[in-house]
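Working notes for the structure below.
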Amino acid sequence: MAAQTELSGLQIIEKVYNRPEGDDMQGDLMMTLINSRGNQRIREIKQFIKNFGEMEKKIMFFISPADVRNTSFMNWSYDQAGKDDDQWIYLPALKKVKRISSDSRSDHFMGSDFTYDDLGDRHPSDDNHNLLREETINGEACYVVESIPKDDEYMYSRTITWTIKDKWIGLKKEFYDEDGELLKTLTVKKFSQIKGIWIIMMSEMHNVQKEHTTKMQLSNVILNSGIPANKFTERMMRRGLK
Amino acid sequence: MIKLLTRLMKYPWFILALILVISVLFFSVIKKNSRMETDLDKYMPQQHPAFVFSNQAEEWFQINDGIIIAIENQDGIFNTKTITKLENLTKTLQKMKEFNKDDVTSLYTADNIIGTEEGLDVKPFFKSVPKTEEAMAQLRANVLKNEMIFGRLVSTDEKVTVIVAEIEDDVFSQEFYHQILDIVKEFEGPEKLYVAGRPIVEGTMAYLGPQDMQRMVPIVILVIILVLLLVLRSFKSTFFTLLVVLFSTVWTFGLMAALKIPLYAVSTMIPVMLIAIGVADGVHLYSHLHLFLQEHPDASKKEAVFDMLHGMWKPVVMTSVTTAVGFTSLLTSQVYPIKYFGMFTAFGVMMAMVFSLLLIPAGILVFGLPRWKQKKKMRDENYSRSAGFVAQKLVKYKFITIFSTIIILAISIAGIGKVWINSSFLEKFEKDSDIVLTDKFINQHFGGTSTLNVILAGKENDIFKDPAILTEIDKLQEAVEKLSVVGNSFSLADYLKRMNKVMHADSEKFDRIPESQDLVAQYLLLYEMSGDPDKLWEVVDYYYQKANVTFQLKNDNSKAINSAIAVIEDFDPAFQELGVEVKYAGSGYKSLVFSNLILEGQIYSLLMSLVIVVLLLSLMFKKISVGLIGALPVMITAIISFGIMGLLDIPLSTTTALISSIAIGIGIDYAVHFIERYKIYAAETGSQDMTIRHTMYHSGRAIIFNAIVVIAGFLVLLFSVFPPNRVLGGLVSLNMFTSFLGTVTIMFIILYMTRIYFRSEKLKKKEQENEDQKNNCTYINSCPFHSGNFGSTDRVIRFADH
């Protein structure tokens, strides 16, 4: 312990942000939405993600429920600071691809309790980080880091992340609202190493104020299969799942 | 009974002390335990299916009443200063602990779904207030283009914008209301700000009514004291009569407090009833005492008291028991506050009886006889002469009375047809009060301050993605919105029409329900992805199996709600066919159901108490005919009371419906006292002529005194600042008056005409004998037959000696 150099909060969060994710990834995502009354809705999505260096492209197709099957969604996000994501949606019943321009960072991903930022896209330089303590949860030794946004208009007033040492996976994260009250808790339930890369397989976001929960479960994950660049086009959106 | 009373009267000090001590105990219980129920939901029968459903639906769709704050700028709201004000006020409200942040809606928080050339754009109308003219013009253009916002959050003349802050039922308090008013005041100028909405109206009413009562009641009591002094002409009598009312009220509220039953708005009617009824007992007792002493100026106070008890215990017990039983018929009501009202008023009436029979005699025994002012002898002779005169004239012109009674009753019955139940809270206020004017102002500019929720429920999931059903909802909204009282409406159909239009490059042609279920589903998915899905759950449930259609009404009265419901019911068959059930929810609807329940219950219990009264009176007087005659004043009072309400357009509400209960309390009292006297005099004199004159003098006098006292007291309420209290004062006075008039005129005449108590041969003979003496007997004082009741003095003395 004494020999180990103390890492700063920022360094820890950077390590999480920079954790290798592979060049591309595809998999089936099952999203379970649960409201305060315990009602459940399940959405199944097939997703493809490819890293293009300066930008990341993502395309998703709804498998179920049946009435939205083949509805597809494409997102291009850019590393460049201040540049908004480009987003498209294809509604098969309308047979049209439409752009959705919205303030995407705080938008809810697919109507879930996750915002795009919550999914791990927030740049470490946007916050001031502070290592609070070290703690062991679920048998994993963790760093507990508090992150306070530099922009005080941001949707959260602070977040606290439990990061597993060595694996650099955020095991648990608490989000506090503008009034400083706990808003959401993210818990990672399962993670696996595929081709040497840590992938979060199962996670759960619980909005404690609305008592709404989203469970995300990933399966059939294939990494670095060389998804062609032309997979991420409007034409592919229209084509849908065959 | 009388033996017990006479025995108890040996210890008058002890009785006074005992009653006083128990009263003090009850009073301390009231101090400790009494609490006012302010949550209006607690008034409603929660297990009633309509309430169960409405409460459930309110939870499903987060239906809450909203406080509406309007910002008016005569030069238009689209300028940096006004919009900044809107943003700051919205933020201030969001920070208040009484509001959930998400429940505060304004142009600042609203999502704008707009169509662009390339697609869809869902975002706030502005994040920071537009500083440049172009940016402001853009904001204005965005608002004008969005029919989900324009006309709802911003008035179509662009001069007013509103903030709607929803709160839970039990959050509202008077302090909270003032806090909001204070905040709003800070933002005042040059813009004008208005605060309205059902929570404000309910809250203000819950506060204004009792506050006004607190101010008025002392004056009412003062007037009653003054008039009592005038008619009883004695401080002591007035004092003890008031004690009877006071103690019965204290014991009643004490018992309620001891049983931990909270005070409801209708509980304020209990003292009203007890004043009217308690005063009656006192007046009748003292009146009897007075007459006895007039004839026996040398009688001791003991003799006087025992004669009074002898003569009066029976009618006092009879009137009280019948009245109490009459009130217990309210136990059949489904509404708890009314059940309690009936139960505890009955208790109070019984207590008033006990105190009348204990406190008043004990008071006389301890503090001496009331000292009436002199020169009254002349006056009494006048009374007696005029009573006799009135009685004779009434009999002579009996058909005029009968005829006019029939006409009055006919008019009243016609009036009853016009009686309507009003569950409106707003209409309880002055027409020119701030609260009414603000409401009017907001209704002029926006859809309406009152809401009706129509809850549609299907059996299968996703049924509300079916275009056929959505089209039907759209048609329903269109039809109901045609009513002038309905401002606008809101449902899942509005979202879909908006999305459809936006996804077709803002083309008006597509401002309609999408044609396929898949497209509906995909739009909804799109909305969930880009907007705030929580907003959707206010119009549809998670499984798209239930939907909530909200109608905004410009008036919260029952006529408005009923007219909307009538149109909605036309759509019932169409929805049935589509497998959708139509139900209603929301506070306005609950008030309507509640009022109907009260009315039904009130009419039912009035009828029931009428039957009970007839039965009891028949039993007491051992004649069914007497029972029927005795119920006359009750019927007449109730019919005229409702008739006048219909004719004067006074709607039925919780309190006004209960006022008709006074008919039971007072009508019975008068009838019983009168008939009992009549019976006694009939037996004594055998002469119908003398009987009517003596009865009119003895009972008629007490009845008119009682009526004058209570009427004078309650007329004071006509000067109240709170309209419902004015109505209360007017109606109580009216009921007292008709009870009095009905007893001494029509009931009297019918009693006379049926010749009850004069039918036996023996009486007829006696009557014949008396006819001869008639001329010597014009004045009561010289009348050999006028000696009170069973009334011989030696009998009284026998008791006194005992």
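Labeling convention for the structure tokens: chains A, B, ... as they appear, residues from 1 per chain, ligands from 1 in order of appearance.
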Can I get the residues of chain B within 10 Å of chain A, each with the closest pair of atoms and their distance in Å to one decimal, using only C-alpha atoms, sorted chain first then ascending number, as a Markdown table?
| residue | atom | partner | partner_atom | distance |
| --- | --- | --- | --- | --- |
| B:Trp60 | CA | A:Arg37 | CA | 9.0 |
| B:Lys95 | CA | A:Asp179 | CA | 8.3 |
| B:Asn100 | CA | A:Gln209 | CA | 9.9 |
| B:Gly115 | CA | A:Ile100 | CA | 9.8 |
| B:Thr116 | CA | A:Arg99 | CA | 9.0 |
| B:Glu117 | CA | A:Lys98 | CA | 9.3 |
| B:Glu118 | CA | A:Arg99 | CA | 5.9 |
| B:Gly119 | CA | A:Lys98 | CA | 4.5 |
| B:Leu120 | CA | A:Ile100 | CA | 5.1 |
| B:Asp121 | CA | A:Ser101 | CA | 5.4 |
| B:Val122 | CA | A:Ser102 | CA | 5.9 |
| B:Lys123 | CA | A:Ser102 | CA | 5.9 |
| B:Pro124 | CA | A:Asp103 | CA | 9.1 |
| B:Asp462 | CA | A:Asp67 | CA | 9.7 |
| B:Lys465 | CA | A:Asp67 | CA | 9.7 |
| B:Asn500 | CA | A:Leu94 | CA | 9.7 |
| B:Met503 | CA | A:Lys98 | CA | 7.9 |
| B:His504 | CA | A:Leu94 | CA | 9.5 |
| B:Pro514 | CA | A:Leu94 | CA | 9.7 |
| B:Glu515 | CA | A:Ala93 | CA | 9.6 |
| B:Ser516 | CA | A:Ala93 | CA | 7.6 |
| B:Gln517 | CA | A:Asp67 | CA | 7.3 |
| B:Asp518 | CA | A:Asp67 | CA | 4.8 |
| B:Leu519 | CA | A:Ala93 | CA | 4.9 |
| B:Val520 | CA | A:Ala93 | CA | 8.7 |
| B:Ala521 | CA | A:Asp67 | CA | 6.0 |
| B:Gln522 | CA | A:Val68 | CA | 5.5 |
| B:Tyr523 | CA | A:Leu91 | CA | 8.0 |
| B:Leu524 | CA | A:Val68 | CA | 9.6 |
| B:Leu525 | CA | A:Gly111 | CA | 7.6 |
| B:Leu526 | CA | A:Ile89 | CA | 8.1 |
| B:Tyr527 | CA | A:Gly111 | CA | 8.3 |
| B:Glu528 | CA | A:Gly111 | CA | 4.7 |
| B:Met529 | CA | A:Gly111 | CA | 4.6 |
| B:Ser530 | CA | A:Asp107 | CA | 6.6 |
| B:Gly531 | CA | A:Asp107 | CA | 7.8 |
| B:Asp532 | CA | A:His108 | CA | 8.0 |
| B:Pro533 | CA | A:Gly111 | CA | 6.6 |
| B:Asp534 | CA | A:Lys210 | CA | 9.3 |
| B:Asp541 | CA | A:Asn39 | CA | 9.6 |
| B:Tyr542 | CA | A:Asn39 | CA | 7.0 |
| B:Tyr543 | CA | A:Arg41 | CA | 7.8 |
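Shortest atom-to-atom contact with Asn207 in chain A among A:Arg133, A:His123, A:Phe61, A:Ser36: A:Ser36, counting only C-alpha atoms.
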### Query
Got a sec: who's within 9 Å of Gly588 in chain B, counting only C-alpha atoms, leaving out chain neighbours fewer than 4 positions off, as a PyMOL selection string?
chain B and resi 198+423-424+450-453+556-558+561+592-593
Residues from last step as file, N, CA and C atoms, as a PDB file, in the first residue's frame:
ATOM      1  N   ARG B 198     -58.296  25.248  -8.252  1.00  0.00           N
ATOM      2  CA  ARG B 198     -59.149  24.613  -7.256  1.00  0.00           C
ATOM      3  C   ARG B 198     -58.534  24.557  -5.850  1.00  0.00           C
ATOM      4  N   SER B 423     -72.163  21.565  -6.602  1.00  0.00           N
ATOM      5  CA  SER B 423     -70.941  21.153  -5.920  1.00  0.00           C
ATOM      6  C   SER B 423     -69.859  22.199  -6.145  1.00  0.00           C
ATOM      7  N   SER B 424     -70.232  23.321  -6.731  1.00  0.00           N
ATOM      8  CA  SER B 424     -69.240  24.354  -7.008  1.00  0.00           C
ATOM      9  C   SER B 424     -68.684  24.934  -5.714  1.00  0.00           C
ATOM     10  N   SER B 450     -61.272  24.532 -14.174  1.00  0.00           N
ATOM     11  CA  SER B 450     -61.755  23.291 -13.570  1.00  0.00           C
ATOM     12  C   SER B 450     -61.560  22.139 -14.552  1.00  0.00           C
ATOM     13  N   THR B 451     -61.410  20.957 -14.009  1.00  0.00           N
ATOM     14  CA  THR B 451     -61.163  19.826 -14.907  1.00  0.00           C
ATOM     15  C   THR B 451     -62.114  18.674 -14.645  1.00  0.00           C
ATOM     16  N   LEU B 452     -62.363  17.945 -15.709  1.00  0.00           N
ATOM     17  CA  LEU B 452     -63.104  16.682 -15.609  1.00  0.00           C
ATOM     18  C   LEU B 452     -62.246  15.647 -16.314  1.00  0.00           C
ATOM     19  N   ASN B 453     -61.967  14.564 -15.639  1.00  0.00           N
ATOM     20  CA  ASN B 453     -61.164  13.506 -16.248  1.00  0.00           C
ATOM     21  C   ASN B 453     -62.055  12.357 -16.668  1.00  0.00           C
ATOM     22  N   ASP B 556     -66.961  25.468 -12.340  1.00  0.00           N
ATOM     23  CA  ASP B 556     -66.881  24.230 -11.552  1.00  0.00           C
ATOM     24  C   ASP B 556     -68.244  23.814 -11.022  1.00  0.00           C
ATOM     25  N   ASN B 557     -69.330  24.429 -11.536  1.00  0.00           N
ATOM     26  CA  ASN B 557     -70.607  24.024 -10.971  1.00  0.00           C
ATOM     27  C   ASN B 557     -71.148  22.748 -11.610  1.00  0.00           C
ATOM     28  N   SER B 558     -72.152  22.180 -10.949  1.00  0.00           N
ATOM     29  CA  SER B 558     -72.642  20.868 -11.350  1.00  0.00           C
ATOM     30  C   SER B 558     -73.270  20.908 -12.730  1.00  0.00           C
ATOM     31  N   ILE B 561     -70.432  20.461 -15.247  1.00  0.00           N
ATOM     32  CA  ILE B 561     -69.914  19.089 -15.296  1.00  0.00           C
ATOM     33  C   ILE B 561     -70.948  18.157 -15.906  1.00  0.00           C
ATOM     34  N   LEU B 592     -69.206  16.291  -7.327  1.00  0.00           N
ATOM     35  CA  LEU B 592     -70.540  16.115  -7.895  1.00  0.00           C
ATOM     36  C   LEU B 592     -71.209  14.871  -7.317  1.00  0.00           C
ATOM     37  N   VAL B 593     -70.478  13.767  -7.331  1.00  0.00           N
ATOM     38  CA  VAL B 593     -71.016  12.519  -6.786  1.00  0.00           C
ATOM     39  C   VAL B 593     -71.362  12.700  -5.313  1.00  0.00           C
TER      40      VAL B 593
END
### Message
Using Å and a single decimal, report how far CA of Pro651 in chain B sits from CA of Asn422 in chain B.
### Response
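Distance between the two atoms: 5.4 Å.
For the residues B:Gly700, B:Tyr286, B:Leu255, B:Lys583, ranking by smallest atom-to-atom distance to Thr345 in chain B using only C-alpha atoms places B:Leu255 first.
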### Task
Could you please determine the separation between CA of Lys497 in chain B and CA of Asp111 in chain B in Å, to one decimal place?
15.7 Å
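Interatomic distance, CA of Asp572 in chain B to CA of Ala479 in chain B: 13.1 Å.
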#### Entry: Neighbour list for Ser147 in chain A as an NGL selection string, cut-off 6 Å, only C-alpha atoms, skip fewer than 2 positions in-chain
:A and (127-129 or 158-159)
Could you save those same residues with N, CA and C atoms as a PDB file, in the first residue's frame?
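Generated file (selection23.pdb):
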ATOM      1  N   ASP A 127     -15.708  17.526 -15.424  1.00  0.00           N
ATOM      2  CA  ASP A 127     -15.962  17.555 -13.984  1.00  0.00           C
ATOM      3  C   ASP A 127     -14.674  17.751 -13.194  1.00  0.00           C
ATOM      4  N   ASN A 128     -14.842  18.192 -11.955  1.00  0.00           N
ATOM      5  CA  ASN A 128     -13.740  18.144 -10.997  1.00  0.00           C
ATOM      6  C   ASN A 128     -13.895  16.877 -10.176  1.00  0.00           C
ATOM      7  N   HIS A 129     -12.802  16.100 -10.057  1.00  0.00           N
ATOM      8  CA  HIS A 129     -12.910  14.801  -9.391  1.00  0.00           C
ATOM      9  C   HIS A 129     -12.160  14.797  -8.070  1.00  0.00           C
ATOM     10  N   ARG A 158     -23.775  16.469  -8.579  1.00  0.00           N
ATOM     11  CA  ARG A 158     -22.564  15.666  -8.381  1.00  0.00           C
ATOM     12  C   ARG A 158     -22.883  14.202  -8.613  1.00  0.00           C
ATOM     13  N   THR A 159     -21.849  13.422  -8.850  1.00  0.00           N
ATOM     14  CA  THR A 159     -22.010  11.964  -8.938  1.00  0.00           C
ATOM     15  C   THR A 159     -20.928  11.331  -8.071  1.00  0.00           C
TER      16      THR A 159
END
#### Entry: Sel. of strand (DSSP E) residues, range 103-338 of chain B, as an NGL selection string
:B and (104-105 or 111-115 or 119-124 or 160-166 or 192-196)
### Task
Please run DSSP on the backbone and report, as a PyMOL selection string, all residues within range 343-498 of chain B that come out as alpha helix (DSSP H).
chain B and resi 343-367+376-396+398-416+434-445+467-481+492-498
Keeping C-alpha atoms for every residue in the selection just given, could you write it to a file as a compact mmCIF listing (two decimals), in the first residue's frame?
# COMPACT_ATOMS: atom_id res chain seq x y z
CA MET B 343 -75.86 11.19 15.78
CA PHE B 344 -74.39 14.04 17.78
CA THR B 345 -77.23 16.45 17.18
CA ALA B 346 -79.52 13.73 18.55
CA PHE B 347 -77.25 13.45 21.56
CA GLY B 348 -77.22 17.23 21.96
CA VAL B 349 -81.02 17.36 21.79
CA MET B 350 -81.30 14.74 24.52
CA MET B 351 -78.81 16.68 26.60
CA ALA B 352 -80.78 19.88 26.05
CA MET B 353 -83.80 17.98 27.33
CA VAL B 354 -81.96 16.81 30.43
CA PHE B 355 -80.63 20.28 31.14
CA SER B 356 -84.00 21.89 30.57
CA LEU B 357 -85.56 19.56 33.09
CA LEU B 358 -82.71 19.82 35.60
CA LEU B 359 -80.89 23.11 35.19
CA ILE B 360 -83.91 25.35 34.84
CA PRO B 361 -85.81 24.03 37.89
CA ALA B 362 -82.63 23.72 39.93
CA GLY B 363 -81.74 27.25 38.93
CA ILE B 364 -85.05 28.53 40.15
CA LEU B 365 -84.77 26.61 43.40
CA VAL B 366 -81.29 27.93 44.06
CA PHE B 367 -81.50 31.45 42.72
CA LYS B 376 -96.81 43.05 32.48
CA LYS B 377 -100.22 42.13 33.72
CA MET B 378 -101.81 44.47 31.27
CA ARG B 379 -99.65 43.18 28.56
CA ASP B 380 -100.44 39.61 29.33
CA GLU B 381 -104.08 40.37 29.20
CA ASN B 382 -103.50 41.85 25.84
CA TYR B 383 -101.63 38.76 24.76
CA SER B 384 -104.34 36.59 26.03
CA ARG B 385 -107.00 38.61 24.32
CA SER B 386 -105.15 38.74 21.06
CA ALA B 387 -104.33 35.04 21.23
CA GLY B 388 -108.00 34.31 21.67
CA PHE B 389 -108.83 36.72 18.92
CA VAL B 390 -106.34 35.18 16.54
CA ALA B 391 -107.59 31.72 17.34
CA GLN B 392 -111.15 32.67 16.68
CA LYS B 393 -110.36 34.51 13.47
CA LEU B 394 -108.28 31.59 12.26
CA VAL B 395 -111.17 29.26 12.85
CA LYS B 396 -113.63 31.62 11.27
CA LYS B 398 -110.17 28.64 8.17
CA PHE B 399 -110.70 28.13 4.47
CA ILE B 400 -108.54 31.10 3.65
CA THR B 401 -105.72 29.50 5.59
CA ILE B 402 -106.30 26.11 4.06
CA PHE B 403 -106.52 27.61 0.63
CA SER B 404 -103.42 29.73 0.99
CA THR B 405 -101.51 26.81 2.49
CA ILE B 406 -102.41 24.72 -0.52
CA ILE B 407 -101.32 27.49 -2.87
CA ILE B 408 -98.06 28.05 -1.01
CA LEU B 409 -97.37 24.34 -0.98
CA ALA B 410 -98.18 24.06 -4.67
CA ILE B 411 -95.80 26.89 -5.49
CA SER B 412 -93.17 25.32 -3.27
CA ILE B 413 -93.54 21.93 -4.87
CA ALA B 414 -93.12 23.59 -8.26
CA GLY B 415 -90.02 25.25 -6.82
CA ILE B 416 -88.63 21.92 -5.61
CA ASP B 434 -60.69 38.51 -5.96
CA ILE B 435 -60.93 34.78 -6.18
CA VAL B 436 -63.93 34.87 -8.54
CA LEU B 437 -62.53 37.67 -10.67
CA THR B 438 -59.19 35.92 -11.07
CA ASP B 439 -60.93 32.75 -12.05
CA LYS B 440 -62.99 34.62 -14.59
CA PHE B 441 -59.90 36.28 -15.98
CA ILE B 442 -58.08 33.00 -16.45
CA ASN B 443 -61.15 31.35 -17.94
CA GLN B 444 -61.36 34.18 -20.46
CA HIS B 445 -57.83 33.60 -21.63
CA PRO B 467 -56.32 4.15 -34.52
CA ALA B 468 -60.09 3.41 -34.42
CA ILE B 469 -60.20 4.03 -30.69
CA LEU B 470 -57.92 7.04 -30.89
CA THR B 471 -60.13 8.51 -33.60
CA GLU B 472 -63.15 8.00 -31.37
CA ILE B 473 -61.35 9.81 -28.54
CA ASP B 474 -60.57 12.64 -30.92
CA LYS B 475 -64.23 12.84 -31.94
CA LEU B 476 -65.27 12.81 -28.31
CA GLN B 477 -62.96 15.71 -27.54
CA GLU B 478 -64.24 17.66 -30.51
CA ALA B 479 -67.89 17.12 -29.52
CA VAL B 480 -67.40 18.06 -25.89
CA GLU B 481 -65.31 21.10 -26.78
CA LEU B 492 -53.09 10.80 -26.05
CA ALA B 493 -54.81 11.69 -29.33
CA ASP B 494 -53.34 15.20 -29.13
CA TYR B 495 -49.81 13.84 -28.85
CA LEU B 496 -50.33 11.58 -31.84
CA LYS B 497 -51.89 14.25 -33.99
CA ARG B 498 -49.05 16.58 -33.15
### Message
From the options B:Val321, B:Ala196, B:Val716, B:Val567, which residue's atoms come nearest to Gly448 in chain B, counting only C-alpha atoms?
### Response
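Result for the nearest residue to Gly448 in chain B: B:Ala196.
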